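Chemist: query-v4.cif is the file, holding mmCIF, C-alpha atoms:
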```
data_input
#
loop_
_atom_site.label_atom_id
_atom_site.label_comp_id
_atom_site.auth_asym_id
_atom_site.auth_seq_id
_atom_site.Cartn_x
_atom_site.Cartn_y
_atom_site.Cartn_z
CA MET A 1 6.73 -22.54 17.41
CA GLU A 2 9.85 -20.34 17.23
CA ARG A 3 10.25 -21.07 13.52
CA THR A 4 6.61 -20.22 12.79
CA LEU A 5 6.88 -17.01 14.78
CA ARG A 6 10.05 -15.99 12.94
CA ALA A 7 8.38 -16.72 9.57
CA GLY A 8 5.39 -14.61 10.63
CA ARG A 9 7.70 -11.77 11.59
CA MET A 10 9.55 -11.87 8.27
CA ALA A 11 6.26 -11.96 6.34
CA THR A 12 5.00 -8.99 8.31
CA PHE A 13 8.20 -7.06 7.53
CA ALA A 14 7.70 -7.86 3.84
CA TYR A 15 4.09 -6.66 3.81
CA PHE A 16 4.91 -3.42 5.63
CA GLY A 17 7.72 -2.77 3.17
CA LEU A 18 5.42 -3.57 0.25
CA SER A 19 2.73 -1.20 1.49
CA GLY A 20 5.22 1.64 1.88
CA PHE A 21 6.72 0.88 -1.51
CA LEU A 22 3.35 0.87 -3.28
CA LEU A 23 2.23 4.14 -1.75
CA GLY A 24 5.64 5.67 -2.40
CA MET A 25 5.46 4.70 -6.06
CA TRP A 26 2.14 6.51 -6.38
CA VAL A 27 3.49 9.58 -4.60
CA VAL A 28 6.65 9.89 -6.69
CA HIS A 29 4.54 9.88 -9.86
CA ILE A 30 2.03 12.52 -8.71
CA PRO A 31 3.53 15.39 -10.74
CA SER A 32 3.56 13.35 -13.96
CA ILE A 33 0.04 12.06 -13.42
CA GLU A 34 -1.19 15.52 -12.50
CA HIS A 35 0.28 16.92 -15.71
CA ARG A 36 -1.06 14.09 -17.91
CA THR A 37 -4.61 14.33 -16.54
CA GLY A 38 -4.62 18.12 -16.90
CA ILE A 39 -5.57 18.85 -13.29
CA ASP A 40 -4.19 21.60 -11.09
CA HIS A 41 -2.98 21.37 -7.49
CA ALA A 42 -6.37 22.31 -6.07
CA GLU A 43 -8.13 19.57 -8.02
CA LEU A 44 -5.47 17.07 -6.96
CA GLY A 45 -6.07 18.08 -3.35
CA ARG A 46 -9.77 17.37 -3.74
CA LEU A 47 -9.10 14.04 -5.43
CA LEU A 48 -6.75 12.99 -2.65
CA LEU A 49 -9.76 13.09 -0.35
CA LEU A 50 -11.03 10.09 -2.31
CA LEU A 51 -7.85 8.20 -1.40
CA GLY A 52 -8.72 8.75 2.27
CA ALA A 53 -12.39 7.95 1.75
CA GLY A 54 -11.47 4.73 -0.04
CA SER A 55 -9.15 3.85 2.80
CA PHE A 56 -11.87 4.41 5.36
CA ALA A 57 -14.32 2.29 3.36
CA GLY A 58 -11.75 -0.46 2.99
CA MET A 59 -11.17 -0.50 6.74
CA GLN A 60 -14.86 -1.12 7.31
CA VAL A 61 -14.74 -4.17 5.07
CA ILE A 62 -11.35 -5.66 5.91
CA GLY A 63 -11.63 -5.34 9.68
CA PRO A 64 -14.50 -7.84 9.95
CA LEU A 65 -12.95 -10.08 7.29
CA THR A 66 -9.70 -10.15 9.23
CA ASP A 67 -11.60 -11.05 12.39
CA ARG A 68 -13.46 -13.81 10.60
CA PHE A 69 -10.75 -15.36 8.40
CA GLY A 70 -7.56 -14.21 10.11
CA ALA A 71 -4.81 -11.89 8.98
CA ARG A 72 -2.82 -14.77 7.55
CA ARG A 73 -5.47 -15.25 4.85
CA VAL A 74 -6.53 -11.65 4.36
CA VAL A 75 -3.11 -9.99 4.05
CA PRO A 76 -1.84 -11.83 0.93
CA VAL A 77 -5.10 -11.14 -0.91
CA SER A 78 -5.01 -7.49 0.16
CA ALA A 79 -1.37 -7.23 -0.95
CA ALA A 80 -2.24 -8.58 -4.40
CA LEU A 81 -5.18 -6.18 -4.71
CA SER A 82 -3.02 -3.25 -3.58
CA SER A 83 -0.36 -4.16 -6.11
CA ALA A 84 -2.95 -4.21 -8.88
CA ALA A 85 -4.62 -1.00 -7.68
CA VAL A 86 -1.40 1.04 -7.85
CA VAL A 87 -1.60 0.82 -11.66
CA GLY A 88 -4.91 2.71 -11.78
CA PRO A 89 -3.60 6.23 -11.17
CA GLY A 90 -0.93 5.68 -13.82
CA LEU A 91 -3.57 4.80 -16.41
CA ALA A 92 -6.11 7.50 -15.52
CA PRO A 93 -6.66 9.87 -18.46
CA ASN A 94 -8.70 12.50 -16.59
CA ALA A 95 -9.80 13.71 -13.18
CA TRP A 96 -12.82 11.39 -12.97
CA THR A 97 -10.87 8.21 -13.60
CA LEU A 98 -8.03 9.40 -11.38
CA GLY A 99 -10.54 9.94 -8.56
CA ALA A 100 -11.93 6.44 -9.01
CA ALA A 101 -8.43 4.95 -9.16
CA LEU A 102 -7.44 6.76 -5.97
CA ALA A 103 -10.55 5.53 -4.16
CA VAL A 104 -9.72 1.95 -5.18
CA LEU A 105 -6.06 2.36 -4.20
CA GLY A 106 -7.12 3.77 -0.84
CA ALA A 107 -9.51 0.88 -0.23
CA CYS A 108 -6.95 -1.75 -1.16
CA ASN A 109 -3.81 -0.33 0.42
CA GLY A 110 -4.92 2.01 3.18
CA GLY A 111 -7.97 0.01 4.11
CA GLY A 112 -7.21 -3.54 3.16
CA LEU A 113 -3.50 -4.15 3.41
CA ASN A 114 -2.83 -1.81 6.32
CA VAL A 115 -5.60 -3.19 8.52
CA GLY A 116 -4.62 -6.79 7.87
CA MET A 117 -0.87 -6.34 8.27
CA ASN A 118 -1.27 -4.32 11.46
CA ALA A 119 -3.55 -7.02 12.88
CA HIS A 120 -0.91 -9.58 11.99
CA ALA A 121 1.81 -7.40 13.52
CA VAL A 122 -0.13 -7.36 16.80
CA GLN A 123 -0.27 -11.16 16.75
CA VAL A 124 3.47 -11.42 16.07
CA GLU A 125 4.25 -8.91 18.82
CA ARG A 126 2.19 -10.92 21.28
CA GLY A 127 4.08 -14.06 20.27
CA TYR A 128 7.41 -12.38 20.90
CA GLY A 129 6.26 -10.96 24.20
CA ARG A 130 8.14 -7.72 23.60
CA PRO A 131 7.68 -4.59 21.48
CA VAL A 132 8.42 -5.16 17.78
CA MET A 133 5.73 -2.99 16.19
CA SER A 134 8.02 0.02 15.63
CA ALA A 135 10.35 -2.14 13.54
CA PHE A 136 7.45 -3.06 11.25
CA HIS A 137 6.52 0.59 10.82
CA ALA A 138 10.15 1.45 10.09
CA THR A 139 10.05 -1.10 7.28
CA TYR A 140 7.06 0.77 5.82
CA SER A 141 9.25 3.88 5.68
CA ILE A 142 12.11 1.93 4.10
CA GLY A 143 9.66 0.79 1.42
CA GLY A 144 8.80 4.42 0.75
CA VAL A 145 12.47 5.37 0.44
CA LEU A 146 13.08 2.51 -1.99
CA ALA A 147 10.06 3.66 -4.01
CA SER A 148 11.45 7.18 -4.25
CA LEU A 149 14.77 5.83 -5.54
CA VAL A 150 13.15 3.49 -8.07
CA GLY A 151 10.64 6.15 -9.12
CA ALA A 152 13.33 8.79 -9.58
CA ALA A 153 15.42 6.38 -11.65
CA THR A 154 12.53 5.41 -13.91
CA LEU A 155 11.33 8.99 -14.31
CA GLY A 156 14.89 10.07 -15.07
CA ALA A 157 15.08 7.36 -17.71
CA GLY A 158 11.87 8.65 -19.30
CA VAL A 159 9.73 5.64 -18.40
CA ARG A 160 6.03 6.51 -18.34
CA PRO A 161 4.31 6.24 -14.94
CA ALA A 162 1.82 3.66 -16.23
CA VAL A 163 4.68 1.39 -17.32
CA THR A 164 6.55 1.75 -14.03
CA LEU A 165 3.44 1.21 -11.92
CA ALA A 166 2.44 -1.82 -14.00
CA ALA A 167 5.91 -3.30 -13.57
CA VAL A 168 5.68 -2.73 -9.83
CA ALA A 169 2.28 -4.44 -9.75
CA VAL A 170 3.62 -7.48 -11.56
CA LEU A 171 6.69 -7.74 -9.35
#
```
Since I need it in another form, could you write the structure as structure tokens?

Modeler:
Amino acid sequence: MERTLRAGRMATFAYFGLSGFLLGMWVVHIPSIEHRTGIDHAELGRLLLLLGAGSFAGMQVIGPLTDRFGARRVVPVSAALSSAAVVGPGLAPNAWTLGAALAVLGACNGGGLNVGMNAHAVQVERGYGRPVMSAFHATYSIGGVLASLVGAATLGAGVRPAVTLAAVAVL
């Protein structure tokens, strides 16, 4: 049992880090994507609402699926979908496609992956019998920091956002 619990904890750390990394990679590329799509800050602000709406919609779907199939099955699928969805904003040529890509990213990452991994984190915390949730959330932040470093390096090297985001999705 101890070995299974430890493996569950390590997997949960990995998924929290991945989620933070994926969202961080989108965030670090916002200025480039904003420029390429020809939108201004106000339009970007409106489009970001679709990220939140997609997240809310994803929560409504993934919550029941997690209850039915378990976080152990739902989280890996959600992680794969989130990884694929992060490419969308990098490929969007205009405001309409960027809005759609943000809604999908929100549904997959904010709704899908976050609901499943938090449900799994609750299970792991119960197994340990002590608070470990804050460590998982810290790993999310570490993923975001790593994304900012990788994103800054790739942007500094002149790599297009679509290429970087596609590489991240594959990895």

Chemist: Have a look at A:Gly106, A:Gly127, A:Gly45, A:Gly38 and name the one nearest to Asn94 in chain A; count all atoms listed in the file.

Modeler: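 The answer is A:Gly38, which sits nearest to Asn94 in chain A.
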
Chemist: Env of Ala121 in chain A: 9 Å cut, atoms = all atoms listed in the file, seq-sep filter 3 positions within chain, self excluded. Answer as a PyMOL selection string.

Modeler: chain A and resi 8-9+12-13+116-118+124-126+132-133+136

Chemist: For CA of Arg3 in chain A and CA of Ser134 in chain A, quote the distance in Å rounded to one decimal.

Modeler: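 These two atoms are separated by 21.3 Å.
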
Chemist: Between CA of Val75 in chain A and CA of Ala152 in chain A, what is the distance, to one decimal in Å?

Modeler: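 CA of Ala152 in chain A lies 28.4 Å from CA of Val75 in chain A.
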
Chemist: Please list as a VMD selection string every residue within 7 Å of range 26-34 of chain A, counting all atoms listed in the file and excluding residues in the same chain fewer than 3 positions away.

Modeler: chain A and resid 22 to 23 37 to 40 86 90 148 151 161

Chemist: Spell out the residues picked by the PyMOL selection byres ((chain A and resi 68-74) around 7) here, as an NGL selection string.

Modeler: :A and (64-67 or 75-78 or 116-117 or 119-120)

Chemist: Check the smallest atom-to-atom distance from each of A:Pro89, A:Gly129, A:Gly156, A:Gly58 to Cys108 in chain A using all atoms listed in the file, then report the winner.

Modeler: A:Gly58

Chemist: For Leu51 in chain A, which residue out of A:Leu113, A:Ala101, A:Ala167, A:Val159 is the nearest one, using all atoms listed in the file?

Modeler: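 Using all atoms listed in the file, the shortest distance to Leu51 in chain A belongs to A:Ala101.
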
Chemist: Work out how far CA of Gly63 in chain A is from CA of Ala166 in chain A, in Å to one decimal.

Modeler: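 Straight-line distance from CA of Ala166 in chain A to CA of Gly63 in chain A works out to 27.8 Å.
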
Chemist: Using only the atoms of range 123-139 of chain A listed in the file, plus 4 Å on each side, state the axis-aligned box centre and edge lengths in Å rounded to one decimal, as lines of an AutoDock Vina configuration file.

Modeler:
```
center_x = 5.0
center_y = -6.3
center_z = 15.7
size_x = 18.6
size_y = 23.5
size_z = 24.9
```

Chemist: Nearest to Leu149 in chain A among A:Ala11, A:Leu44, A:Met59, A:Met25, with distances taken over only C-alpha atoms: which residue is it?

Modeler: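 Checking each of A:Ala11, A:Leu44, A:Met59, A:Met25 against Leu149 in chain A, counting only C-alpha atoms, the winner is A:Met25.
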
Chemist: Ranking A:Val61, A:Ala80, A:Tyr128, A:Asn114 by minimum distance to Val168 in chain A and counting all atoms listed in the file, which one comes first?

Modeler: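 Smallest separation from Val168 in chain A among the options: A:Ala80.
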
Chemist: For Leu47 in chain A, which residue among A:Leu98, A:Ala7, A:Ala169, A:Thr139 is the nearest when counting all atoms listed in the file?

Modeler: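 For Leu47 in chain A, the nearest of the candidates is A:Leu98.
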